[in-house]
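Take a look at the structure below.
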Amino acid sequence: MLSVDIEKLYPAAKSLVKARAASRIHAKDATLYEFSEVAQQCAAEYMGWTDLATNPLCDLAAVQAFADEAVAEGIDTVMLIGQGGSTQAPMTITKYNKPDSNRVSFKTLDSDSPVRVREMLTMCRPDRTLVIISSKSGGTIEPRMLFEAVRAEFAKALGEKEAVRHLVAITDPGSELDRVAREEGWRAVFPGEPTVGGRFSALSVFGLVPAALAGIDLDEFMAHARAAEEACSEDAIDNPAIGLAAFLYDNYLKGRNKFSFLTPRRGRVLGLWIEQLVAESLGKEGQGILPSIEIDSLLLTEDPGDRSVIMYQTKTDLWDESRNFDMSLAYIDNAIPRLNYRIESVYELAEHFVMWEYAIAMCGYLMGVCPFDQPDVASAKAEVLEILENGQPEPRFTEVFTEAVDMGRVEVTYGDVFEGCEDLHETLYALLSSIQPGDFFALNAFLPFTGEGRREAIETIRHGVAEAFGVVSCLEVGPRYLHSTGQLQKGGPNMGVFLILSADELKDIPLPEGCPASSLGALAKAQAAGDLVTLAKRGRRCVHLHLPDNSGVTLRLLAQVVEDVIADILTDRALAEAAAAAEDEELAEATVVVEAAGSADGDAGFGADGAAAATAATAAAAVADVEGADAADAVATGEEAPGEPAID
């Protein structure tokens with residue numbers, strides 16, 4: 001059952017108990033969100049998730065039977081195509097269950113990188129693979145285009161008639177996907193529940209069908225969920241969801257509007273699910289709490305004041321891995337508030353899905369924001385469709401971005417806040433030097449993360465910025481993040497600094513005629529450009545670099561360019577601080593001279609007026625040594641020099 005190590009009782013817990021927030025959420029009482037008519041209406045339409053454990057809106061036995069039958073017929077690989085909430089919970093469940101525990105090889109395709117798509121296709125045999133297209137609306141552009149690319153390959157290998165027998169749809173009733181799947185006779189169609197939003201759908205068919213295929217016993221899985229639902233819907237101080245909500249909210253009120261999610265490698269996939277739930281639910285109307293996944297714990301040896309820590313211990317097979325994680329926690333500053341959880345099995349994930357969903361719904365109530373909508377995600381989608389229809393916006397400039405080796409030209413686009421930058425170094429200098437304490441840096445990458453050197457180069461950039469400026473850094477995978485932290489980036493507080501990366505494809509994958517994009521590469525570039533446009537319209541600090549290719553060597557060279565810019569910024573700051581310190585020391589010496597002269601003049605009997613005049617004259621002479629004759633004249637005449645403190 002849910003267990004947590006919590007340091008203290010946070011005040012918001014009592015407020016939640018008094019408001020009966022937990023029981024009202026379980027009862028689908030939308031009046032909990034009556035602080036806004038829009039929020040209340042949205043809640044009334046999207047609270048179907050609150051009792052999925054005790055009132056499943058699907059036939060669990062039928063789902064289990066379907067999965068068992070597919071495996072019995074020889075299916076050994078499942079490819080899930082989707083985006084956002086439709087893929088995050090299944091990916092969490094199947095990855096956490098470990099490859100040697102899953103009865104099928106389960107793969108999630110939510111990247112429109114041609115490199116990733118080709119890799120996925122080479123890892124499966126079409127005749128032994130089940131392809132699930134998971135989309136609530138049935139119209140989300142990424143799953144549609146990815147499906148077109150995958151279906152073409154399956155039809156080529158199996159023939160169109162046989163290929164449809166390997167297709168499964170999970171979608172809300174009446175969607176275009178629902179219509180097509182039924183008309184073409186796909187293997188199965190599982191209807192979703194319209195009142196359950198994507199990121200709250202872990203215990204619906206969107207999560208349960210993949211779980212059953214992976215070999216997870218749904219009855220046991222849902223039994224854990226029911227126990228958690230009972231605990232999390234109780235109006236009591238020891239309600240684990242109330243404790244989590246109060247921890248997040250009360251620390252948020254103290255300026256800790258970010259939390260670092262720390263876990264051994266096996267648990268990081270849970271962090272990605274939590275990241276979407278928290279960021280997309282709460283990041284709006286200028287508010288938000290940012291989760292930071294896979295952070296280096298050494299960045300927390302001193303309390304930065306803007307974050308808390310949530311740690312998950314997971315079952316690990318290797319003693320060394322467990323010990324390594326424990327040692328990394330030992331260096332975290334004890335002043336940073338923290339929560340500690342533990343998960344022993346995949347079945348306990350069901351409990352944590354319930355706890356986090358209830359907790360974030362309560363946080364929305366406390367913060368006065370609707371946790372069930374995502375207005376800025378829709379805005380970004382609209383920008384992408386406009387770009388696909390009308391063409392890419394022109395970059396601010398292009399240049400060969402490395403001096404030693406000509407790797408091709410990079411296209412540079414940026415928001416109006418950096419107006420006037422004319423080369424890459426100047427642009428990156430302006431972007432990174434704008435980072436202030438309390439900000440976060442996000443590297444939004446529409447790039448493949450497989451292949452030698454690619455991820456390492458991207459991580460070098462991310463961690464280099466974090467270490468240099470002492471801020472949270474996030475590595476966001478495009479287009480996945482558009483349906484996750486993208487909401488907070490655009491709708492939350494203006495505390496983000498964004499570097500968006502995309503690249504030409506060495507071997508693109510064309511899409512059939514009639515698709516919004518001509519190829520997967522064109523889609524990725526449009527999404528990156530649309531993200532820049534949307535962020536810029538909201539006054540965010542953002543730069544988009546479109547690289548000539550996405551090879552590992554090109555990305556390593558870009559990392560070197562960024563490292564050079566960071567070095568220049570830190571050098572300039574050090575020189576400025578040294579100059580300021582020297583100036584302060586000289587002014588302090590001048591003040592000592594002034595005070596000494598005033599004391600001597602007073603003793604000599606000049607009187608008050610004479611002493612003041614003598615002091616001013618002496619001060620003028622002293623300041624002249626430091627600042628020059630103009631500053632001295634200003635002091636002598638009683639006028640304050642521009643930008644300098646007056647000397648009384």
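Residues in the structure tokens are named by chain (A, B, ... in the order shown) and by number from 1 within that chain; ligands are numbered from 1 in the order shown.
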Could you pull the residues within 8 Å of Gly283 (chain A), counting only C-alpha atoms, minus those fewer than 6 positions along the same chain, as a PDB file with C-alpha atoms, in the first residue's frame?
ATOM      1  CA  ILE A 289       4.881  23.876 -10.762  1.00  0.00           C
ATOM      2  CA  LEU A 290       7.726  22.460 -12.839  1.00  0.00           C
ATOM      3  CA  THR A 485       5.555  20.656 -20.241  1.00  0.00           C
ATOM      4  CA  GLN A 487       1.620  23.909 -21.590  1.00  0.00           C
ATOM      5  CA  LEU A 488       3.591  25.244 -18.625  1.00  0.00           C
ATOM      6  CA  GLN A 489       6.264  26.752 -20.871  1.00  0.00           C
ATOM      7  CA  GLY A 491       0.937  29.336 -19.942  1.00  0.00           C
ATOM      8  CA  GLY A 492       2.937  29.302 -16.714  1.00  0.00           C
ATOM      9  CA  PRO A 493       5.107  32.041 -15.199  1.00  0.00           C
TER      10      PRO A 493
END
Dump as JSON lines the rows for residues of region 311-382 of chain A within 7 Å of region 226-232 of chain A: closest atom pair and distance in Å with one decimal, only C-alpha atoms counted, ordered by chain and rising residue number.
{"residue": "A:Glu351", "atom": "CA", "partner": "A:Ala228", "partner_atom": "CA", "distance": 5.1}
{"residue": "A:Val354", "atom": "CA", "partner": "A:Glu229", "partner_atom": "CA", "distance": 6.2}
{"residue": "A:Met355", "atom": "CA", "partner": "A:Cys232", "partner_atom": "CA", "distance": 6.3}
{"residue": "A:Tyr358", "atom": "CA", "partner": "A:Cys232", "partner_atom": "CA", "distance": 6.8}
Keeping N, CA, C and O atoms, export the residues of the selection given above as a CSV table (one decimal), in the first residue's frame.
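Saved file result36.csv follows:
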chain,number,residue,atom,x,y,z
A,351,GLU,N,-1.4,2.4,-7.6
A,351,GLU,CA,-1.7,3.2,-6.4
A,351,GLU,C,-1.2,4.6,-6.6
A,351,GLU,O,-1.8,5.6,-6.2
A,354,VAL,N,-3.2,6.8,-9.0
A,354,VAL,CA,-4.4,7.4,-8.3
A,354,VAL,C,-4.0,8.5,-7.3
A,354,VAL,O,-4.6,9.6,-7.3
A,355,MET,N,-2.9,8.3,-6.5
A,355,MET,CA,-2.5,9.3,-5.6
A,355,MET,C,-2.1,10.6,-6.3
A,355,MET,O,-2.6,11.7,-5.9
A,358,TYR,N,-5.3,12.5,-7.8
A,358,TYR,CA,-6.1,13.2,-6.8
A,358,TYR,C,-5.3,14.4,-6.3
A,358,TYR,O,-5.9,15.5,-6.1
A:Tyr96, A:Lys136, A:Met145, A:Ala22: which is nearest Thr316 (chain A), counting only C-alpha atoms?
-> A:Tyr96
Using DSSP on the backbone coordinates, identify all residues within region 409-615 of chain A classified as strand (DSSP E or B); present the result as a ChimeraX atom specification.
-> /A:409-414,440-445,472-477,496-503,510,519,541-547
File of the preceding selection, C-alpha atoms, as a PDB file, in the first residue's frame:
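Ended up saving to selection_31.pdb:
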ATOM      1  CA  ARG A 409      24.512  26.410 -42.360  1.00  0.00           C
ATOM      2  CA  VAL A 410      22.316  26.727 -39.297  1.00  0.00           C
ATOM      3  CA  GLU A 411      19.014  28.605 -39.528  1.00  0.00           C
ATOM      4  CA  VAL A 412      18.536  30.916 -36.536  1.00  0.00           C
ATOM      5  CA  THR A 413      15.169  32.287 -35.407  1.00  0.00           C
ATOM      6  CA  TYR A 414      14.412  34.022 -32.117  1.00  0.00           C
ATOM      7  CA  PHE A 440      14.753  27.251 -15.649  1.00  0.00           C
ATOM      8  CA  PHE A 441      16.411  26.225 -18.897  1.00  0.00           C
ATOM      9  CA  ALA A 442      14.649  23.913 -21.343  1.00  0.00           C
ATOM     10  CA  LEU A 443      16.313  22.237 -24.290  1.00  0.00           C
ATOM     11  CA  ASN A 444      13.374  21.396 -26.573  1.00  0.00           C
ATOM     12  CA  ALA A 445      14.839  18.911 -29.036  1.00  0.00           C
ATOM     13  CA  VAL A 472      16.890  23.707 -13.209  1.00  0.00           C
ATOM     14  CA  SER A 473      17.503  22.306 -16.677  1.00  0.00           C
ATOM     15  CA  CYS A 474      15.039  20.163 -18.609  1.00  0.00           C
ATOM     16  CA  LEU A 475      15.693  17.992 -21.635  1.00  0.00           C
ATOM     17  CA  GLU A 476      12.409  17.862 -23.519  1.00  0.00           C
ATOM     18  CA  VAL A 477      11.808  15.390 -26.340  1.00  0.00           C
ATOM     19  CA  GLY A 496      11.764  29.728 -18.748  1.00  0.00           C
ATOM     20  CA  VAL A 497      14.665  30.126 -21.186  1.00  0.00           C
ATOM     21  CA  PHE A 498      14.225  27.933 -24.256  1.00  0.00           C
ATOM     22  CA  LEU A 499      16.625  26.566 -26.853  1.00  0.00           C
ATOM     23  CA  ILE A 500      14.679  24.700 -29.549  1.00  0.00           C
ATOM     24  CA  LEU A 501      16.610  22.328 -31.814  1.00  0.00           C
ATOM     25  CA  SER A 502      15.597  20.661 -35.063  1.00  0.00           C
ATOM     26  CA  ALA A 503      17.560  19.420 -38.068  1.00  0.00           C
ATOM     27  CA  PRO A 510       7.777  10.858 -47.175  1.00  0.00           C
ATOM     28  CA  SER A 519       7.362  14.137 -44.772  1.00  0.00           C
ATOM     29  CA  ARG A 541      13.038  34.064 -24.103  1.00  0.00           C
ATOM     30  CA  CYS A 542      13.432  31.587 -26.941  1.00  0.00           C
ATOM     31  CA  VAL A 543      15.763  30.681 -29.804  1.00  0.00           C
ATOM     32  CA  HIS A 544      15.224  28.065 -32.516  1.00  0.00           C
ATOM     33  CA  LEU A 545      18.225  26.524 -34.272  1.00  0.00           C
ATOM     34  CA  HIS A 546      17.562  24.364 -37.315  1.00  0.00           C
ATOM     35  CA  LEU A 547      20.740  22.403 -37.975  1.00  0.00           C
TER      36      LEU A 547
END
Tell me, as a VMD selection string, which residues lie within 8 Å of Arg556 (chain A), counting only C-alpha atoms; anything in the same chain fewer than 2 positions away does not count.
-> chain A and resid 453 to 454 457 to 458 552 to 554 558 to 560
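Between CA of Ile387 (chain A) and CA of Ala524 (chain A) there is a distance of 11.3 Å.
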Hey, what's within 10 Å of Ile216 (chain A) if we count only C-alpha atoms and toss same-chain stuff fewer than 3 positions away? As a VMD selection string, please?
-> chain A and resid 64 93 to 94 97 101 to 103 208 to 213 219 to 221 346 to 347
Do you have the CA of Leu431 (chain A)-CA of Glu142 (chain A) distance handy?
->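 So the two atoms, CA of Leu431 (chain A) and CA of Glu142 (chain A), lie 29.3 Å apart.
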Name the residues in contact with Glu467 (chain A) at a cut-off of 12 Å, using only C-alpha atoms, excluding same-chain residues fewer than 2 positions from it; report them as a PyMOL selection string.
-> chain A and resi 295-301+440-441+459-465+469-473+563+566-567+570
For the residues in the current selection, export N, CA, C and O atoms as an mmCIF file, in the first residue's frame.
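Writing done, so here's out05.cif:
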data_model
loop_
_atom_site.group_PDB
_atom_site.id
_atom_site.type_symbol
_atom_site.label_atom_id
_atom_site.label_comp_id
_atom_site.auth_asym_id
_atom_site.auth_seq_id
_atom_site.Cartn_x
_atom_site.Cartn_y
_atom_site.Cartn_z
ATOM 1 N N ILE A 295 17.746 14.694 -12.750
ATOM 2 C CA ILE A 295 18.654 15.779 -12.371
ATOM 3 C C ILE A 295 19.891 15.211 -11.681
ATOM 4 O O ILE A 295 19.845 14.147 -11.062
ATOM 5 N N ASP A 296 20.995 15.907 -11.806
ATOM 6 C CA ASP A 296 22.229 15.561 -11.104
ATOM 7 C C ASP A 296 22.091 16.038 -9.660
ATOM 8 O O ASP A 296 21.978 17.238 -9.401
ATOM 9 N N SER A 297 22.116 15.115 -8.714
ATOM 10 C CA SER A 297 21.899 15.486 -7.313
ATOM 11 C C SER A 297 22.983 16.416 -6.784
ATOM 12 O O SER A 297 22.762 17.137 -5.800
ATOM 13 N N LEU A 298 24.157 16.456 -7.412
ATOM 14 C CA LEU A 298 25.215 17.351 -6.947
ATOM 15 C C LEU A 298 24.852 18.817 -7.163
ATOM 16 O O LEU A 298 25.460 19.701 -6.559
ATOM 17 N N LEU A 299 23.860 19.074 -8.012
ATOM 18 C CA LEU A 299 23.386 20.448 -8.187
ATOM 19 C C LEU A 299 22.572 20.911 -6.983
ATOM 20 O O LEU A 299 22.204 22.087 -6.896
ATOM 21 N N LEU A 300 22.293 19.990 -6.054
ATOM 22 C CA LEU A 300 21.471 20.320 -4.894
ATOM 23 C C LEU A 300 22.276 20.259 -3.598
ATOM 24 O O LEU A 300 21.708 20.147 -2.517
ATOM 25 N N THR A 301 23.590 20.343 -3.698
ATOM 26 C CA THR A 301 24.411 20.334 -2.482
ATOM 27 C C THR A 301 24.207 21.598 -1.662
ATOM 28 O O THR A 301 24.469 21.621 -0.461
ATOM 29 N N PHE A 440 14.356 28.593 -15.239
ATOM 30 C CA PHE A 440 14.753 27.251 -15.649
ATOM 31 C C PHE A 440 15.129 27.279 -17.120
ATOM 32 O O PHE A 440 14.686 28.144 -17.873
ATOM 33 N N PHE A 441 15.977 26.341 -17.504
ATOM 34 C CA PHE A 441 16.411 26.225 -18.897
ATOM 35 C C PHE A 441 15.816 24.963 -19.483
ATOM 36 O O PHE A 441 15.875 23.900 -18.877
ATOM 37 N N GLU A 459 22.870 16.132 -23.876
ATOM 38 C CA GLU A 459 22.986 16.196 -22.415
ATOM 39 C C GLU A 459 24.124 17.121 -21.990
ATOM 40 O O GLU A 459 24.045 17.783 -20.957
ATOM 41 N N THR A 460 25.179 17.179 -22.789
ATOM 42 C CA THR A 460 26.288 18.091 -22.485
ATOM 43 C C THR A 460 25.796 19.533 -22.442
ATOM 44 O O THR A 460 26.167 20.313 -21.550
ATOM 45 N N ILE A 461 24.957 19.892 -23.399
ATOM 46 C CA ILE A 461 24.402 21.253 -23.420
ATOM 47 C C ILE A 461 23.531 21.485 -22.197
ATOM 48 O O ILE A 461 23.685 22.475 -21.474
ATOM 49 N N ARG A 462 22.633 20.539 -21.949
ATOM 50 C CA ARG A 462 21.685 20.701 -20.843
ATOM 51 C C ARG A 462 22.395 20.839 -19.500
ATOM 52 O O ARG A 462 22.133 21.765 -18.735
ATOM 53 N N HIS A 463 23.294 19.916 -19.212
ATOM 54 C CA HIS A 463 23.967 19.933 -17.907
ATOM 55 C C HIS A 463 24.975 21.073 -17.813
ATOM 56 O O HIS A 463 25.204 21.612 -16.720
ATOM 57 N N GLY A 464 25.544 21.472 -18.944
ATOM 58 C CA GLY A 464 26.466 22.600 -18.921
ATOM 59 C C GLY A 464 25.784 23.883 -18.482
ATOM 60 O O GLY A 464 26.332 24.663 -17.687
ATOM 61 N N VAL A 465 24.568 24.105 -18.980
ATOM 62 C CA VAL A 465 23.808 25.294 -18.585
ATOM 63 C C VAL A 465 23.426 25.210 -17.111
ATOM 64 O O VAL A 465 23.543 26.189 -16.366
ATOM 65 N N PHE A 469 24.900 28.092 -14.439
ATOM 66 C CA PHE A 469 24.011 29.145 -13.948
ATOM 67 C C PHE A 469 23.196 28.725 -12.729
ATOM 68 O O PHE A 469 22.418 29.524 -12.206
ATOM 69 N N GLY A 470 23.369 27.489 -12.276
ATOM 70 C CA GLY A 470 22.718 27.050 -11.048
ATOM 71 C C GLY A 470 21.209 27.017 -11.121
ATOM 72 O O GLY A 470 20.529 27.331 -10.134
ATOM 73 N N VAL A 471 20.665 26.634 -12.290
ATOM 74 C CA VAL A 471 19.212 26.594 -12.449
ATOM 75 C C VAL A 471 18.768 25.190 -12.849
ATOM 76 O O VAL A 471 19.568 24.352 -13.270
ATOM 77 N N VAL A 472 17.467 24.959 -12.729
ATOM 78 C CA VAL A 472 16.890 23.707 -13.209
ATOM 79 C C VAL A 472 17.038 23.647 -14.721
ATOM 80 O O VAL A 472 16.807 24.632 -15.419
ATOM 81 N N SER A 473 17.439 22.492 -15.229
ATOM 82 C CA SER A 473 17.503 22.306 -16.677
ATOM 83 C C SER A 473 16.651 21.105 -17.056
ATOM 84 O O SER A 473 16.644 20.094 -16.344
ATOM 85 N N GLU A 563 29.272 25.580 -25.189
ATOM 86 C CA GLU A 563 30.257 25.637 -24.102
ATOM 87 C C GLU A 563 31.115 26.899 -24.207
ATOM 88 O O GLU A 563 31.427 27.535 -23.187
ATOM 89 N N ILE A 566 29.052 29.860 -23.018
ATOM 90 C CA ILE A 566 28.950 29.850 -21.553
ATOM 91 C C ILE A 566 30.248 30.351 -20.926
ATOM 92 O O ILE A 566 30.227 31.156 -19.977
ATOM 93 N N ALA A 567 31.376 29.909 -21.461
ATOM 94 C CA ALA A 567 32.672 30.351 -20.931
ATOM 95 C C ALA A 567 32.819 31.863 -21.068
ATOM 96 O O ALA A 567 33.312 32.539 -20.145
ATOM 97 N N LEU A 570 30.577 33.613 -18.422
ATOM 98 C CA LEU A 570 31.135 33.519 -17.072
ATOM 99 C C LEU A 570 32.382 34.385 -16.916
ATOM 100 O O LEU A 570 32.591 35.007 -15.863
#
Gap from CA of Leu248 (chain A) to CA of Leu535 (chain A) - Å, one decimal =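 Distance between the two atoms: 26.0 Å.
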So which one's closest to Leu506 (chain A), A:Gly174, A:Pro114, A:Gly85, A:Pro371? Using only C-alpha atoms, please.
-> A:Pro114
Find, counting only C-alpha atoms, the residue in A:Leu349, A:Ser328, A:Tyr33, A:Ala466 that gets nearest to Ser292 (chain A).
->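 The closest residue to Ser292 (chain A) is A:Ala466.
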Can you list, as a VMD selection string, every protein, DNA or RNA residue that comes within 9 Å of Gln88 (chain A) when you count only C-alpha atoms, leaving out same-chain residues fewer than 4 positions away?
-> chain A and resid 83 to 84 92 to 93 199 202 207 269 to 270 272 to 273 276
For region 75-78 of chain A, please output as an MDAnalysis selection string all residues within 9 Å (counting only C-alpha atoms; exclusion window: fewer than 3 positions along the same chain).
-> chainID A and resid 70:72 103:108 123:132 210 213:214
Dump as a PDB file, in the first residue's frame, selection limited to N, CA and C atoms:
ATOM      1  N   ALA A  70      -4.346 -12.614 -28.486  1.00  0.00           N
ATOM      2  CA  ALA A  70      -3.344 -12.085 -29.413  1.00  0.00           C
ATOM      3  C   ALA A  70      -1.996 -12.759 -29.192  1.00  0.00           C
ATOM      4  N   VAL A  71      -1.603 -12.917 -27.937  1.00  0.00           N
ATOM      5  CA  VAL A  71      -0.324 -13.557 -27.627  1.00  0.00           C
ATOM      6  C   VAL A  71      -0.355 -15.032 -28.028  1.00  0.00           C
ATOM      7  N   ALA A  72      -1.492 -15.685 -27.784  1.00  0.00           N
ATOM      8  CA  ALA A  72      -1.617 -17.099 -28.132  1.00  0.00           C
ATOM      9  C   ALA A  72      -1.490 -17.319 -29.638  1.00  0.00           C
ATOM     10  N   ARG A 103       5.558 -10.202 -21.484  1.00  0.00           N
ATOM     11  CA  ARG A 103       5.440 -11.374 -22.353  1.00  0.00           C
ATOM     12  C   ARG A 103       5.532 -11.006 -23.823  1.00  0.00           C
ATOM     13  N   VAL A 104       5.529  -9.713 -24.123  1.00  0.00           N
ATOM     14  CA  VAL A 104       5.767  -9.229 -25.476  1.00  0.00           C
ATOM     15  C   VAL A 104       6.815  -8.124 -25.411  1.00  0.00           C
ATOM     16  N   SER A 105       7.432  -7.852 -26.533  1.00  0.00           N
ATOM     17  CA  SER A 105       8.334  -6.700 -26.629  1.00  0.00           C
ATOM     18  C   SER A 105       7.465  -5.487 -26.906  1.00  0.00           C
ATOM     19  N   PHE A 106       7.427  -4.560 -25.963  1.00  0.00           N
ATOM     20  CA  PHE A 106       6.512  -3.422 -26.068  1.00  0.00           C
ATOM     21  C   PHE A 106       7.293  -2.162 -26.425  1.00  0.00           C
ATOM     22  N   LYS A 107       6.893  -1.508 -27.506  1.00  0.00           N
ATOM     23  CA  LYS A 107       7.605  -0.333 -27.993  1.00  0.00           C
ATOM     24  C   LYS A 107       6.620   0.820 -28.157  1.00  0.00           C
ATOM     25  N   THR A 108       7.029   2.014 -27.728  1.00  0.00           N
ATOM     26  CA  THR A 108       6.200   3.200 -27.842  1.00  0.00           C
ATOM     27  C   THR A 108       6.795   4.141 -28.870  1.00  0.00           C
ATOM     28  N   MET A 123      13.017  -3.351 -35.715  1.00  0.00           N
ATOM     29  CA  MET A 123      13.005  -4.144 -34.489  1.00  0.00           C
ATOM     30  C   MET A 123      11.775  -5.035 -34.375  1.00  0.00           C
ATOM     31  N   CYS A 124      10.973  -5.129 -35.424  1.00  0.00           N
ATOM     32  CA  CYS A 124       9.773  -5.957 -35.360  1.00  0.00           C
ATOM     33  C   CYS A 124       9.527  -6.671 -36.683  1.00  0.00           C
ATOM     34  N   ARG A 125       8.839  -7.795 -36.589  1.00  0.00           N
ATOM     35  CA  ARG A 125       8.363  -8.508 -37.768  1.00  0.00           C
ATOM     36  C   ARG A 125       6.890  -8.187 -37.931  1.00  0.00           C
ATOM     37  N   PRO A 126       6.474  -7.592 -39.034  1.00  0.00           N
ATOM     38  CA  PRO A 126       5.069  -7.210 -39.197  1.00  0.00           C
ATOM     39  C   PRO A 126       4.081  -8.345 -38.944  1.00  0.00           C
ATOM     40  N   ASP A 127       4.425  -9.584 -39.342  1.00  0.00           N
ATOM     41  CA  ASP A 127       3.484 -10.692 -39.177  1.00  0.00           C
ATOM     42  C   ASP A 127       3.326 -11.114 -37.718  1.00  0.00           C
ATOM     43  N   ARG A 128       4.217 -10.653 -36.835  1.00  0.00           N
ATOM     44  CA  ARG A 128       4.128 -11.001 -35.416  1.00  0.00           C
ATOM     45  C   ARG A 128       3.954  -9.753 -34.537  1.00  0.00           C
ATOM     46  N   THR A 129       3.559  -8.641 -35.170  1.00  0.00           N
ATOM     47  CA  THR A 129       3.463  -7.363 -34.456  1.00  0.00           C
ATOM     48  C   THR A 129       2.036  -6.834 -34.471  1.00  0.00           C
ATOM     49  N   LEU A 130       1.624  -6.310 -33.333  1.00  0.00           N
ATOM     50  CA  LEU A 130       0.337  -5.631 -33.199  1.00  0.00           C
ATOM     51  C   LEU A 130       0.604  -4.137 -33.094  1.00  0.00           C
ATOM     52  N   VAL A 131      -0.058  -3.347 -33.925  1.00  0.00           N
ATOM     53  CA  VAL A 131       0.115  -1.899 -33.908  1.00  0.00           C
ATOM     54  C   VAL A 131      -1.129  -1.265 -33.291  1.00  0.00           C
ATOM     55  N   ILE A 132      -0.929  -0.537 -32.190  1.00  0.00           N
ATOM     56  CA  ILE A 132      -2.034   0.157 -31.519  1.00  0.00           C
ATOM     57  C   ILE A 132      -1.929   1.642 -31.816  1.00  0.00           C
ATOM     58  N   PRO A 210      -2.707  -1.898 -23.109  1.00  0.00           N
ATOM     59  CA  PRO A 210      -1.269  -2.190 -23.163  1.00  0.00           C
ATOM     60  C   PRO A 210      -0.784  -3.020 -21.975  1.00  0.00           C
ATOM     61  N   LEU A 213      -1.640  -6.674 -22.534  1.00  0.00           N
ATOM     62  CA  LEU A 213      -0.782  -7.269 -23.556  1.00  0.00           C
ATOM     63  C   LEU A 213       0.605  -7.576 -23.004  1.00  0.00           C
ATOM     64  N   ALA A 214       1.083  -6.725 -22.107  1.00  0.00           N
ATOM     65  CA  ALA A 214       2.407  -6.938 -21.512  1.00  0.00           C
ATOM     66  C   ALA A 214       2.420  -8.096 -20.527  1.00  0.00           C
TER      67      ALA A 214
END
Using DSSP on the backbone, list every residue of region 239-479 of chain A that comes out as alpha helix (DSSP H), and give them as a PyMOL selection string.
-> chain A and resi 240-253+268-282+319-329+348-367+375-390+424-433+454-469
Nearest to Arg396 (chain A) by atom-to-atom distance, counting only C-alpha atoms, from A:Pro512, A:Pro479, A:Gly420, A:Gly408 =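 Checking each candidate against Arg396 (chain A), we get A:Gly420 as the closest.
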Go through A:Asp112, A:Glu302, A:Asp68, A:Glu577 one by one, measure the shortest atom-to-atom distance of each to Leu447 (chain A) using only C-alpha atoms, and give the residue with the smallest value.
-> A:Asp112
Nearest residue to Ile360 (chain A) from the set A:Thr50, A:Thr31, A:Thr140, A:Ser260 (distances using only C-alpha atoms) = A:Thr50
